[in-house]
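Chemist: Hey, dropping query.txt in here, compact mmCIF, C-alpha atoms and all ligand atoms:
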```txt
# COMPACT_ATOMS: atom_id res chain seq x y z
CA MET A 282 -61.90 -36.88 -8.55
CA LYS A 283 -60.10 -34.19 -6.59
CA GLN A 284 -62.15 -31.19 -5.59
CA ASP A 285 -61.03 -27.74 -6.77
CA ILE A 286 -60.08 -25.52 -3.86
CA TYR A 287 -59.77 -22.04 -5.28
CA LEU A 288 -57.70 -19.72 -3.08
CA ASP A 289 -56.64 -17.22 -5.76
CA ASN A 290 -59.51 -14.77 -5.41
CA SER A 291 -57.23 -11.74 -5.44
CA ALA A 292 -56.16 -12.71 -8.94
CA THR A 293 -59.76 -13.06 -10.00
CA THR A 294 -63.04 -14.35 -8.61
CA LYS A 295 -65.57 -16.76 -10.00
CA PRO A 296 -68.41 -14.75 -11.56
CA SER A 297 -71.64 -14.97 -9.59
CA PRO A 298 -74.64 -16.66 -11.31
CA GLU A 299 -76.40 -13.27 -11.29
CA ALA A 300 -73.45 -11.65 -13.08
CA VAL A 301 -73.35 -14.40 -15.70
CA GLN A 302 -77.09 -14.09 -16.25
CA ALA A 303 -76.85 -10.32 -16.68
CA VAL A 304 -74.02 -10.68 -19.21
CA VAL A 305 -75.90 -13.30 -21.22
CA GLU A 306 -79.07 -11.20 -21.19
CA CYS A 307 -77.15 -8.23 -22.62
CA MET A 308 -75.45 -10.39 -25.26
CA GLU A 309 -78.68 -12.05 -26.37
CA GLU A 310 -81.36 -9.43 -25.86
CA ILE A 311 -80.20 -6.02 -24.68
CA TYR A 312 -77.72 -5.61 -27.50
CA GLY A 313 -78.52 -2.03 -28.52
CA ASN A 314 -76.04 0.82 -28.38
CA PRO A 315 -76.87 2.97 -25.33
CA SER A 316 -76.42 6.07 -27.49
CA SER A 317 -79.09 5.01 -30.00
CA VAL A 318 -82.35 6.90 -29.62
CA HIS A 319 -84.63 3.98 -30.42
CA ARG A 320 -86.06 1.43 -28.02
CA LYS A 321 -83.10 -0.96 -28.28
CA GLY A 322 -80.77 1.87 -27.38
CA LEU A 323 -82.90 3.00 -24.45
CA GLU A 324 -83.01 -0.54 -23.08
CA ALA A 325 -79.22 -0.71 -23.14
CA ALA A 326 -78.91 2.75 -21.57
CA ARG A 327 -81.28 1.61 -18.83
CA ALA A 328 -79.13 -1.49 -18.18
CA VAL A 329 -76.06 0.75 -17.84
CA ASN A 330 -77.87 3.09 -15.47
CA ARG A 331 -79.17 0.24 -13.33
CA ALA A 332 -75.60 -1.00 -12.92
CA ARG A 333 -74.39 2.52 -12.11
CA GLU A 334 -77.06 2.75 -9.40
CA ALA A 335 -75.95 -0.61 -7.99
CA VAL A 336 -72.32 0.50 -7.70
CA ALA A 337 -73.36 3.91 -6.32
CA ASP A 338 -75.65 2.26 -3.74
CA GLN A 339 -72.80 0.06 -2.54
CA LEU A 340 -70.57 3.14 -2.16
CA LYS A 341 -73.42 5.30 -0.79
CA VAL A 342 -72.72 8.01 -3.37
CA ASP A 343 -74.62 9.75 -6.13
CA ALA A 344 -74.71 7.64 -9.31
CA LYS A 345 -73.31 10.58 -11.31
CA LYS A 346 -70.03 10.12 -9.47
CA VAL A 347 -69.48 6.62 -10.93
CA THR A 348 -67.65 6.31 -14.27
CA PHE A 349 -67.30 2.91 -15.91
CA THR A 350 -63.89 1.98 -17.28
CA SER A 351 -62.27 -1.19 -18.64
CA GLY A 352 -61.03 -2.23 -15.19
CA GLY A 353 -58.89 -1.35 -12.21
CA THR A 354 -55.87 -0.60 -14.36
CA GLU A 355 -57.70 1.97 -16.45
CA SER A 356 -59.36 3.49 -13.39
CA ASN A 357 -55.95 4.03 -11.81
CA ASN A 358 -54.55 5.46 -15.04
CA LEU A 359 -57.51 7.82 -15.47
CA ALA A 360 -57.38 8.97 -11.85
CA ILE A 361 -53.66 9.63 -11.67
CA LYS A 362 -52.84 10.79 -15.19
CA GLY A 363 -56.13 12.65 -15.42
CA ALA A 364 -55.48 14.54 -12.17
CA ALA A 365 -51.80 15.13 -12.97
CA SER A 366 -52.76 16.67 -16.28
CA SER A 367 -55.64 18.73 -14.90
CA TYR A 368 -53.80 20.16 -11.91
CA SER A 369 -50.22 20.50 -13.19
CA ASN A 370 -50.62 24.30 -13.04
CA ARG A 371 -50.95 23.90 -9.23
CA GLY A 372 -47.87 21.73 -8.81
CA LYS A 373 -46.05 18.63 -9.98
CA HIS A 374 -45.57 16.69 -6.77
CA ILE A 375 -47.31 13.35 -6.18
CA ILE A 376 -47.12 11.14 -3.10
CA THR A 377 -47.65 7.41 -3.28
CA THR A 378 -46.35 4.29 -1.50
CA ALA A 379 -43.67 1.71 -2.17
CA ILE A 380 -46.25 -1.09 -2.35
CA GLU A 381 -48.80 0.08 -4.91
CA HIS A 382 -50.03 -2.19 -7.69
CA PRO A 383 -48.13 -1.72 -10.98
CA ALA A 384 -51.22 0.07 -12.34
CA VAL A 385 -50.33 2.90 -9.95
CA ARG A 386 -46.58 2.38 -9.65
CA ASN A 387 -45.89 2.41 -13.38
CA VAL A 388 -48.17 5.40 -13.99
CA CYS A 389 -46.12 7.30 -11.40
CA ARG A 390 -42.89 6.09 -13.04
CA ASP A 391 -44.08 7.50 -16.38
CA LEU A 392 -45.15 10.78 -14.80
CA ALA A 393 -41.68 11.10 -13.26
CA GLU A 394 -40.28 10.87 -16.78
CA ASP A 395 -42.64 13.70 -17.75
CA GLY A 396 -41.27 16.01 -15.05
CA PHE A 397 -43.42 15.14 -12.03
CA GLU A 398 -41.71 14.52 -8.71
CA ILE A 399 -42.87 11.38 -6.92
CA THR A 400 -42.40 10.68 -3.21
CA TYR A 401 -42.69 7.00 -2.27
CA LEU A 402 -43.78 6.41 1.33
CA THR A 403 -42.08 3.47 3.00
CA VAL A 404 -43.94 0.71 4.85
CA ASP A 405 -43.15 -1.20 8.03
CA GLU A 406 -42.66 -4.97 8.27
CA MET A 407 -46.44 -5.44 8.16
CA GLY A 408 -46.77 -3.36 4.99
CA ILE A 409 -48.32 -0.29 6.64
CA ILE A 410 -47.26 3.32 6.05
CA GLN A 411 -46.40 5.79 8.81
CA VAL A 412 -48.96 8.58 8.67
CA SER A 413 -46.34 11.01 10.06
CA GLU A 414 -44.21 10.35 6.96
CA LEU A 415 -47.18 11.34 4.80
CA ALA A 416 -47.73 14.54 6.81
CA GLU A 417 -44.05 15.48 6.39
CA ALA A 418 -44.06 14.72 2.68
CA LEU A 419 -47.02 17.00 1.88
CA ARG A 420 -45.99 20.25 0.19
CA GLU A 421 -47.59 23.34 -1.34
CA ASP A 422 -47.15 21.79 -4.77
CA THR A 423 -48.50 18.32 -3.86
CA ILE A 424 -51.43 17.78 -6.18
CA LEU A 425 -52.19 14.12 -5.55
CA VAL A 426 -51.78 11.43 -2.91
CA SER A 427 -52.35 7.88 -4.17
CA ILE A 428 -52.52 5.31 -1.37
CA MET A 429 -54.17 1.93 -1.81
CA TYR A 430 -56.75 0.47 0.56
CA VAL A 431 -55.83 -3.27 0.67
CA ASN A 432 -52.53 -4.46 -0.73
CA ASN A 433 -53.06 -7.19 -3.30
CA GLU A 434 -50.00 -9.24 -2.29
CA THR A 435 -49.99 -9.05 1.50
CA GLY A 436 -53.51 -7.96 2.43
CA SER A 437 -52.20 -5.09 4.54
CA VAL A 438 -54.82 -2.38 5.11
CA GLN A 439 -53.67 1.22 5.34
CA PRO A 440 -54.89 3.46 8.19
CA LEU A 441 -57.37 5.29 6.01
CA ASP A 442 -59.03 7.37 8.73
CA LYS A 443 -55.68 8.82 9.81
CA ILE A 444 -54.64 9.43 6.20
CA ALA A 445 -57.98 11.20 5.62
CA GLY A 446 -57.29 13.40 8.66
CA VAL A 447 -53.86 14.46 7.37
CA ILE A 448 -55.24 15.26 3.93
CA LYS A 449 -58.20 17.15 5.36
CA ARG A 450 -55.84 19.33 7.42
CA ALA A 451 -53.67 19.98 4.37
CA LYS A 452 -56.75 21.06 2.42
CA LYS A 453 -57.75 23.39 5.27
CA ASP A 454 -54.29 24.94 5.03
CA GLY A 455 -55.02 25.79 1.40
CA LYS A 456 -53.13 22.88 -0.15
CA LEU A 457 -54.72 20.94 -2.96
CA PRO A 458 -53.95 17.32 -2.55
CA LEU A 459 -56.56 15.09 -4.02
CA TRP A 460 -56.65 11.62 -2.53
CA HIS A 461 -56.83 8.65 -4.86
CA VAL A 462 -57.46 5.21 -3.38
CA ASP A 463 -56.97 1.97 -5.29
CA ALA A 464 -59.78 0.00 -3.63
CA VAL A 465 -59.74 -2.86 -6.14
CA GLN A 466 -58.99 -5.41 -3.42
CA ALA A 467 -61.29 -3.83 -0.83
CA LEU A 468 -64.70 -3.66 -2.49
CA GLY A 469 -67.08 -6.22 -1.04
CA ARG A 470 -64.53 -7.25 1.57
CA LEU A 471 -64.31 -4.07 3.67
CA PRO A 472 -66.51 -0.95 3.74
CA VAL A 473 -65.71 1.48 0.93
CA LEU A 474 -67.56 4.75 1.53
CA PRO A 475 -65.72 7.44 -0.46
CA THR A 476 -67.65 10.48 0.79
CA LYS A 477 -67.64 9.48 4.44
CA MET A 478 -63.99 8.43 4.28
CA GLY A 479 -62.86 11.68 2.58
CA MET A 480 -61.66 10.14 -0.68
CA ASP A 481 -61.64 12.09 -3.96
CA LEU A 482 -60.96 9.30 -6.44
CA VAL A 483 -61.48 5.56 -5.92
CA SER A 484 -60.72 2.70 -8.32
CA PHE A 485 -62.65 -0.58 -8.64
CA SER A 486 -62.52 -3.70 -10.78
CA GLY A 487 -65.41 -6.00 -11.73
CA HIS A 488 -63.58 -9.32 -11.80
CA LYS A 489 -62.34 -9.01 -8.21
CA VAL A 490 -65.92 -8.93 -6.94
CA HIS A 491 -67.49 -11.87 -8.80
CA GLY A 492 -68.21 -9.82 -11.92
CA PRO A 493 -66.79 -10.04 -15.46
CA LYS A 494 -63.23 -9.17 -16.50
CA GLY A 495 -62.54 -6.02 -18.52
CA ILE A 496 -64.89 -3.80 -16.55
CA GLY A 497 -64.24 -1.42 -13.69
CA ALA A 498 -65.27 1.90 -12.26
CA LEU A 499 -63.80 5.12 -10.96
CA TYR A 500 -65.50 7.19 -8.31
CA VAL A 501 -64.86 10.87 -8.98
CA GLY A 502 -65.76 13.16 -6.09
CA THR A 503 -67.41 16.57 -6.14
CA GLY A 504 -65.32 19.34 -7.64
CA VAL A 505 -62.62 17.00 -8.98
CA SER A 506 -61.62 17.72 -12.54
CA LEU A 507 -59.89 15.03 -14.60
CA ARG A 508 -58.50 15.22 -18.08
CA PRO A 509 -59.97 12.25 -19.99
CA GLN A 510 -57.37 9.75 -21.16
CA ILE A 511 -59.55 8.20 -23.86
CA VAL A 512 -61.30 10.76 -26.04
CA GLY A 513 -63.92 10.20 -28.70
CA GLY A 514 -67.71 10.26 -28.66
CA GLY A 515 -68.01 11.64 -25.13
CA GLN A 516 -69.60 8.66 -23.37
CA GLU A 517 -69.47 8.39 -19.57
CA GLY A 518 -70.00 12.10 -19.09
CA ASP A 519 -67.08 12.86 -21.42
CA LEU A 520 -64.63 11.23 -19.00
CA ARG A 521 -64.21 7.97 -20.88
CA SER A 522 -65.22 7.72 -24.51
CA GLY A 523 -66.07 4.52 -26.34
CA THR A 524 -69.29 2.57 -26.77
CA GLU A 525 -70.14 1.22 -23.36
CA ASN A 526 -69.32 -2.41 -22.54
CA VAL A 527 -72.98 -3.06 -21.74
CA PRO A 528 -72.65 -6.79 -20.90
CA GLY A 529 -69.63 -6.09 -18.69
CA ILE A 530 -71.31 -3.16 -16.98
CA ALA A 531 -74.53 -5.09 -16.36
CA GLY A 532 -72.56 -8.07 -15.05
CA PHE A 533 -70.53 -5.82 -12.75
CA GLY A 534 -73.72 -4.21 -11.45
CA ALA A 535 -75.33 -7.60 -10.78
CA ALA A 536 -72.19 -8.81 -8.98
CA VAL A 537 -72.06 -5.70 -6.80
CA ARG A 538 -75.75 -6.06 -5.94
CA GLY A 539 -74.90 -9.55 -4.69
CA LEU A 540 -72.17 -8.18 -2.42
CA VAL A 541 -74.61 -6.04 -0.44
CA LYS A 542 -76.17 -9.12 1.08
CA GLY A 543 -73.26 -10.38 3.00
CA GLU A 544 -70.45 -7.87 3.43
CA GLY A 545 -70.19 -7.98 7.22
CA THR A 546 -70.69 -11.67 7.81
CA ALA A 547 -68.76 -12.54 4.65
CA ALA A 548 -65.78 -10.55 5.94
CA GLU A 549 -65.97 -12.30 9.32
CA HIS A 550 -66.16 -15.69 7.62
CA MET A 551 -63.11 -14.94 5.44
CA ALA A 552 -61.18 -13.57 8.43
CA SER A 553 -61.83 -16.80 10.32
CA LEU A 554 -60.58 -18.84 7.34
CA ARG A 555 -57.47 -16.66 7.12
CA LYS A 556 -56.81 -17.20 10.84
CA LEU A 557 -57.26 -20.95 10.48
CA LEU A 558 -54.83 -21.08 7.57
CA VAL A 559 -52.20 -18.80 9.11
CA GLU A 560 -52.25 -20.50 12.50
CA GLY A 561 -52.38 -23.95 10.96
CA VAL A 562 -49.33 -23.24 8.80
CA LEU A 563 -47.25 -21.35 11.38
CA ASN A 564 -47.92 -23.93 14.11
CA GLY A 565 -47.72 -26.99 11.88
CA ILE A 566 -44.85 -26.29 9.48
CA THR A 567 -41.38 -25.13 10.55
CA GLY A 568 -39.56 -22.29 8.79
CA CYS A 569 -42.61 -20.25 7.76
CA ARG A 570 -43.24 -16.54 8.03
CA LEU A 571 -46.43 -14.54 7.63
CA ASN A 572 -45.85 -11.54 5.38
CA GLY A 573 -48.34 -8.96 6.55
CA PRO A 574 -50.44 -8.27 9.64
CA PRO A 575 -51.39 -11.23 11.87
CA PRO A 576 -55.02 -12.33 12.25
CA GLY A 577 -56.99 -9.96 14.44
CA ASN A 578 -54.71 -7.00 13.69
CA ILE A 579 -56.52 -3.88 12.52
CA GLY A 580 -54.23 -3.75 9.47
CA ALA A 581 -55.16 -7.24 8.27
CA ALA A 582 -57.61 -7.66 5.41
CA PRO A 583 -59.95 -10.60 5.96
CA HIS A 584 -59.24 -12.32 2.66
CA ILE A 585 -55.50 -12.33 1.87
CA ALA A 586 -52.68 -14.24 3.56
CA ASN A 587 -49.11 -14.20 2.28
CA ILE A 588 -46.75 -16.80 3.73
CA SER A 589 -43.07 -17.57 3.01
CA PHE A 590 -41.90 -21.18 3.19
CA ASN A 591 -38.14 -21.33 3.77
CA GLY A 592 -36.18 -23.48 1.38
CA VAL A 593 -39.04 -23.82 -1.09
CA ARG A 594 -39.57 -21.97 -4.36
CA GLY A 595 -43.04 -20.47 -4.40
CA GLU A 596 -43.62 -21.32 -8.02
CA VAL A 597 -42.78 -24.99 -7.47
CA LEU A 598 -45.13 -25.16 -4.50
CA VAL A 599 -47.92 -23.53 -6.54
CA HIS A 600 -47.63 -26.33 -9.09
CA TRP A 601 -47.38 -29.02 -6.41
CA LEU A 602 -50.64 -27.69 -4.92
CA GLU A 603 -52.24 -27.45 -8.33
CA ASN A 604 -51.71 -31.19 -8.75
CA GLU A 605 -53.74 -31.60 -5.58
CA GLY A 606 -56.55 -29.39 -6.93
CA ILE A 607 -55.54 -26.37 -4.83
CA TYR A 608 -55.09 -22.99 -6.50
CA ALA A 609 -52.92 -20.27 -4.93
CA SER A 610 -50.37 -17.88 -6.39
CA THR A 611 -46.87 -16.57 -5.88
CA GLY A 612 -47.79 -12.90 -5.85
CA SER A 613 -49.98 -10.54 -7.78
CA ALA A 614 -51.52 -12.21 -10.81
CA CYS A 615 -50.16 -9.74 -13.30
CA SER A 616 -46.58 -10.37 -12.23
CA SER A 617 -46.59 -14.02 -11.28
CA ARG A 618 -45.85 -15.32 -14.74
CA LYS A 619 -42.97 -12.86 -15.25
CA GLN A 620 -39.58 -12.74 -13.64
CA VAL A 621 -40.24 -10.20 -10.91
CA GLU A 622 -38.15 -8.40 -8.43
CA HIS A 623 -40.64 -8.91 -5.55
CA SER A 624 -40.58 -5.20 -4.85
CA VAL A 625 -43.63 -5.25 -2.54
CA LEU A 626 -42.36 -8.09 -0.34
CA LYS A 627 -38.88 -6.57 -0.21
CA SER A 628 -40.44 -3.30 0.97
CA LEU A 629 -41.62 -5.27 4.03
CA GLY A 630 -38.01 -6.30 4.67
CA LEU A 631 -38.01 -9.80 3.15
CA SER A 632 -34.78 -11.25 1.81
CA GLU A 633 -34.63 -12.51 -1.78
CA GLY A 634 -34.99 -16.11 -0.52
CA GLU A 635 -38.00 -15.31 1.67
CA ALA A 636 -39.67 -13.46 -1.20
CA GLU A 637 -38.96 -16.39 -3.56
CA GLY A 638 -40.67 -18.76 -1.15
CA ALA A 639 -43.81 -16.67 -0.71
CA LEU A 640 -47.31 -17.80 -1.57
CA ARG A 641 -50.50 -15.80 -1.55
CA PHE A 642 -53.77 -17.40 -0.50
CA SER A 643 -56.87 -15.31 -1.12
CA PHE A 644 -60.36 -16.22 -0.04
CA SER A 645 -63.89 -15.59 -1.22
CA PRO A 646 -67.00 -15.91 0.95
CA GLU A 647 -67.62 -19.29 -0.72
CA ASN A 648 -64.51 -20.98 0.73
CA THR A 649 -65.08 -23.32 3.66
CA VAL A 650 -63.38 -24.43 6.86
CA GLU A 651 -63.06 -27.95 5.42
CA GLU A 652 -61.20 -26.60 2.40
CA VAL A 653 -58.74 -24.70 4.58
CA LYS A 654 -58.08 -27.81 6.68
CA VAL A 655 -57.27 -29.74 3.51
CA VAL A 656 -54.96 -26.93 2.34
CA VAL A 657 -53.04 -26.86 5.64
CA ARG A 658 -52.60 -30.64 5.52
CA LYS A 659 -51.50 -30.61 1.91
CA LEU A 660 -49.13 -27.69 2.46
CA LYS A 661 -47.36 -29.61 5.20
CA GLU A 662 -46.99 -32.59 2.90
CA GLY A 663 -45.86 -30.50 -0.08
CA VAL A 664 -43.39 -28.34 1.82
CA GLU A 665 -41.80 -31.40 3.48
CA GLU A 666 -41.53 -33.20 0.15
CA LEU A 667 -40.02 -30.24 -1.68
CA ARG A 668 -37.59 -29.51 1.14
CA SER A 669 -36.33 -33.08 1.26
CA PHE A 670 -36.07 -33.09 -2.52
CA ALA A 671 -34.01 -29.86 -2.38
CA LYS A 672 -31.67 -31.45 0.19
CA MET A 673 -30.94 -34.34 -2.19
CA GLN A 674 -29.93 -31.97 -4.98
C1 LIG B 1 -54.79 -3.50 -6.10
C2 LIG B 1 -55.06 -3.68 -7.56
N1 LIG B 1 -55.19 -2.61 -8.34
C3 LIG B 1 -55.45 -2.72 -9.64
C4 LIG B 1 -55.58 -3.94 -10.26
C5 LIG B 1 -55.87 -4.02 -11.73
O1 LIG B 1 -57.22 -4.35 -11.96
P1 LIG B 1 -57.68 -4.94 -13.37
O2 LIG B 1 -57.22 -6.37 -13.42
O3 LIG B 1 -59.16 -4.82 -13.37
O4 LIG B 1 -57.05 -4.10 -14.42
C6 LIG B 1 -55.44 -5.09 -9.49
C7 LIG B 1 -55.50 -6.43 -10.10
O5 LIG B 1 -54.83 -7.36 -9.68
C8 LIG B 1 -55.17 -4.96 -8.10
O6 LIG B 1 -55.04 -6.03 -7.31
```
Spell out the structure here as structure tokens.
Modeler:
Amino acid sequence: MKQDIYLDNSATTKPSPEAVQAVVECMEEIYGNPSSVHRKGLEAARAVNRAREAVADQLKVDAKKVTFTSGGTESNNLAIKGAASSYSNRGKHIITTAIEHPAVRNVCRDLAEDGFEITYLTVDEMGIIQVSELAEALREDTILVSIMYVNNETGSVQPLDKIAGVIKRAKKDGKLPLWHVDAVQALGRLPVLPTKMGMDLVSFSGHKVHGPKGIGALYVGTGVSLRPQIVGGGQEGDLRSGTENVPGIAGFGAAVRGLVKGEGTAAEHMASLRKLLVEGVLNGITGCRLNGPPPGNIGAAPHIANISFNGVRGEVLVHWLENEGIYASTGSACSSRKQVEHSVLKSLGLSEGEAEGALRFSFSPENTVEEVKVVVRKLKEGVEELRSFAKMQ
């Protein structure tokens, strides 16, 4: 039987045994409502608080700053819409980038329809913004800057320390701008330290870090006021109503606790796998292009590699690989089953054909050198077969 080689960890990760155990425990035993005043309720409230502490510990922030949501999408919605609504009396200008996840991009699109003005920062061929463009775009009425940490399609990492410097200077000059960071693809892979890094709002998702799906968190910094987007019973400090998803929260907390063990070495391991894959493909298969920063570049995330294979349709190659027990994807998970316009890859300067032939490989700390060697070998075989098949058409 063929072995499964799972290289689609940016779409979702396999839940850790600790996360699964925590979910099961909350389904079977800790099933109270955290708002109930009896023992069952207190047990559930304690499970929620333990998870909040785990996330806060990872971020090195006060637990009160962590709000649980239903995932990265909701965290982004709450951060951006919540800030836009709260600070619209200070201005209606928002700055973001051309390569954000749809959970940021489409929120900004909707806000534009509601009278907000959105500036989209461009990116270079590696998917990185120019910090000078951000500095020029900042205005008196800029209330929010939303720039992601790691891009989910290309793995490009934005220069966060320089961005923080520009925003800090703007704040010193009396401007408002809050800084929201979609760190969904960064948690557990690169350091995410909101206070130290000068971030005001940071989004996370449980299922990208070996936790359950349908759970996420938003870090909300000191002095930041957000208008809740889901109102009701006032849970999560009134920021996000609804009975807490206790199993999801506990599973997320357990998964995050597991990340603490290996962040540094895990990142190095994944970076070495990425290098092996990229070099193996670029040196071994003609007509390929890496979309994003090369291995060793400061803008390269350790765990995501996006490669275009000329003359091959990405989707066809995904299925060819699947038959070999290898799982990759054509782009971001939420868009890969729809007809998409490849807006992120085109922002890096790719042609339609190059974008069509792009595949994303995303690693977890569990992947091995042997697996990557198999993938490189199989890719060569698959690409050659599909190219010769295309020639016969
Ligand atoms: C960068 C980024 N932001 C947000 C999300 C949405 O997260 P969730 O699936 O938890 O809603 C994703 C998921 O792919 C992502 O990659």
Chemist: Atom CA of A:Leu392 and atom CA of A:Leu425 are how many Å apart?
Modeler: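 Those two atoms sit 12.1 Å apart.
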Chemist: Ligand LIG 1 (chain B): which residues are within 10 Å, counting only C-alpha atoms and all ligand atoms? Reply as a PDB file with C-alpha atoms, in the coordinates of the input.
Modeler:
```
ATOM      1  CA  ASN A 290     -59.510 -14.770  -5.410  1.00  0.00           C
ATOM      2  CA  SER A 291     -57.230 -11.740  -5.440  1.00  0.00           C
ATOM      3  CA  ALA A 292     -56.160 -12.710  -8.940  1.00  0.00           C
ATOM      4  CA  THR A 293     -59.760 -13.060 -10.000  1.00  0.00           C
ATOM      5  CA  THR A 350     -63.890   1.980 -17.280  1.00  0.00           C
ATOM      6  CA  SER A 351     -62.270  -1.190 -18.640  1.00  0.00           C
ATOM      7  CA  GLY A 352     -61.030  -2.230 -15.190  1.00  0.00           C
ATOM      8  CA  GLY A 353     -58.890  -1.350 -12.210  1.00  0.00           C
ATOM      9  CA  THR A 354     -55.870  -0.600 -14.360  1.00  0.00           C
ATOM     10  CA  GLU A 355     -57.700   1.970 -16.450  1.00  0.00           C
ATOM     11  CA  SER A 356     -59.360   3.490 -13.390  1.00  0.00           C
ATOM     12  CA  ASN A 357     -55.950   4.030 -11.810  1.00  0.00           C
ATOM     13  CA  ASN A 358     -54.550   5.460 -15.040  1.00  0.00           C
ATOM     14  CA  ILE A 380     -46.250  -1.090  -2.350  1.00  0.00           C
ATOM     15  CA  GLU A 381     -48.800   0.080  -4.910  1.00  0.00           C
ATOM     16  CA  HIS A 382     -50.030  -2.190  -7.690  1.00  0.00           C
ATOM     17  CA  PRO A 383     -48.130  -1.720 -10.980  1.00  0.00           C
ATOM     18  CA  ALA A 384     -51.220   0.070 -12.340  1.00  0.00           C
ATOM     19  CA  VAL A 385     -50.330   2.900  -9.950  1.00  0.00           C
ATOM     20  CA  MET A 429     -54.170   1.930  -1.810  1.00  0.00           C
ATOM     21  CA  TYR A 430     -56.750   0.470   0.560  1.00  0.00           C
ATOM     22  CA  VAL A 431     -55.830  -3.270   0.670  1.00  0.00           C
ATOM     23  CA  ASN A 432     -52.530  -4.460  -0.730  1.00  0.00           C
ATOM     24  CA  ASN A 433     -53.060  -7.190  -3.300  1.00  0.00           C
ATOM     25  CA  GLU A 434     -50.000  -9.240  -2.290  1.00  0.00           C
ATOM     26  CA  GLY A 436     -53.510  -7.960   2.430  1.00  0.00           C
ATOM     27  CA  VAL A 462     -57.460   5.210  -3.380  1.00  0.00           C
ATOM     28  CA  ASP A 463     -56.970   1.970  -5.290  1.00  0.00           C
ATOM     29  CA  ALA A 464     -59.780   0.000  -3.630  1.00  0.00           C
ATOM     30  CA  VAL A 465     -59.740  -2.860  -6.140  1.00  0.00           C
ATOM     31  CA  GLN A 466     -58.990  -5.410  -3.420  1.00  0.00           C
ATOM     32  CA  ALA A 467     -61.290  -3.830  -0.830  1.00  0.00           C
ATOM     33  CA  SER A 484     -60.720   2.700  -8.320  1.00  0.00           C
ATOM     34  CA  PHE A 485     -62.650  -0.580  -8.640  1.00  0.00           C
ATOM     35  CA  SER A 486     -62.520  -3.700 -10.780  1.00  0.00           C
ATOM     36  CA  GLY A 487     -65.410  -6.000 -11.730  1.00  0.00           C
ATOM     37  CA  HIS A 488     -63.580  -9.320 -11.800  1.00  0.00           C
ATOM     38  CA  LYS A 489     -62.340  -9.010  -8.210  1.00  0.00           C
ATOM     39  CA  PRO A 493     -66.790 -10.040 -15.460  1.00  0.00           C
ATOM     40  CA  LYS A 494     -63.230  -9.170 -16.500  1.00  0.00           C
ATOM     41  CA  GLY A 495     -62.540  -6.020 -18.520  1.00  0.00           C
ATOM     42  CA  ILE A 496     -64.890  -3.800 -16.550  1.00  0.00           C
ATOM     43  CA  GLY A 497     -64.240  -1.420 -13.690  1.00  0.00           C
ATOM     44  CA  ALA A 498     -65.270   1.900 -12.260  1.00  0.00           C
ATOM     45  CA  GLY A 612     -47.790 -12.900  -5.850  1.00  0.00           C
ATOM     46  CA  SER A 613     -49.980 -10.540  -7.780  1.00  0.00           C
ATOM     47  CA  ALA A 614     -51.520 -12.210 -10.810  1.00  0.00           C
ATOM     48  CA  CYS A 615     -50.160  -9.740 -13.300  1.00  0.00           C
ATOM     49  CA  SER A 616     -46.580 -10.370 -12.230  1.00  0.00           C
TER      50      SER A 616
END
```
Chemist: Can you list, as a ChimeraX atom specification, every protein, DNA or RNA residue that comes within 8 Å of A:Leu602 when you count all atoms listed in the file, leaving out same-chain residues fewer than 5 positions away?
Modeler: /A:607-609,659-660,663
Chemist: Can you tell me how far atom CA of A:Ala379 sits from atom CA of A:Ser628, in Å to one decimal?
Modeler: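 Computing the Euclidean distance for atom CA of A:Ala379 and atom CA of A:Ser628 yields 6.7 Å.
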Chemist: Could you give me, as a CSV table (one decimal) with C-alpha atoms, in the coordinates of the input, the residues within 12 Å of A:Gly396, counting all atoms listed in the file and dropping anything in the same chain fewer than 6 positions from it?
Modeler:
```
chain,number,residue,atom,x,y,z
A,365,ALA,CA,-51.8,15.1,-13.0
A,366,SER,CA,-52.8,16.7,-16.3
A,369,SER,CA,-50.2,20.5,-13.2
A,372,GLY,CA,-47.9,21.7,-8.8
A,373,LYS,CA,-46.0,18.6,-10.0
A,374,HIS,CA,-45.6,16.7,-6.8
A,375,ILE,CA,-47.3,13.4,-6.2
A,389,CYS,CA,-46.1,7.3,-11.4
A,390,ARG,CA,-42.9,6.1,-13.0
```
Chemist: How many Å lie between atom CA of A:Ile530 and atom CA of A:Ala325, rounded to one decimal?
Modeler: 10.3 Å
Chemist: Please, what is the axis-aligned box for every listed atom of stretch 435-441 of chain A with 8 Å on each side, as centre and edge lengths in Å to one decimal, as AutoDock Vina command-line options?
Modeler:
```
--center_x -53.7 --center_y -1.9 --center_z 4.8 --size_x 23.4 --size_y 30.3 --size_z 22.7
```
Chemist: With all atoms listed in the file as the basis for distance, which of A:Pro475, A:Pro583, A:Pro315, A:Gly532 is at the shortest distance from A:Lys556?
Modeler: A:Pro583
Chemist: Pick out the residues sitting within 8 Å of A:Val593, and hand them over as an MDAnalysis selection string; count only C-alpha atoms, and ignore anything fewer than 3 positions along from it in its own chain.
Modeler: chainID A and resid 590 597:598 637:638 664 667:668 671
Chemist: Produce a table with one row for each residue of stretch 489-580 of chain A that has an atom at most 9 Å from any atom of stretch 333-345 of chain A, each row naming the nearest atom pair and its distance in Å at one decimal; use only C-alpha atoms; arrange rows by chain and rising residue number; format as CSV.
Modeler:
```
residue,atom,partner,partner_atom,distance
A:Ala498,CA,A:Val336,CA,8.5
A:Tyr500,CA,A:Ala337,CA,8.7
A:Val501,CA,A:Lys345,CA,8.8
A:Gly518,CA,A:Lys345,CA,8.6
A:Ile530,CA,A:Arg333,CA,8.1
A:Ala531,CA,A:Arg333,CA,8.7
A:Phe533,CA,A:Val336,CA,8.3
A:Gly534,CA,A:Ala335,CA,5.5
A:Ala535,CA,A:Ala335,CA,7.6
A:Val537,CA,A:Val336,CA,6.3
A:Arg538,CA,A:Ala335,CA,5.8
A:Leu540,CA,A:Gln339,CA,8.3
A:Val541,CA,A:Gln339,CA,6.7
```
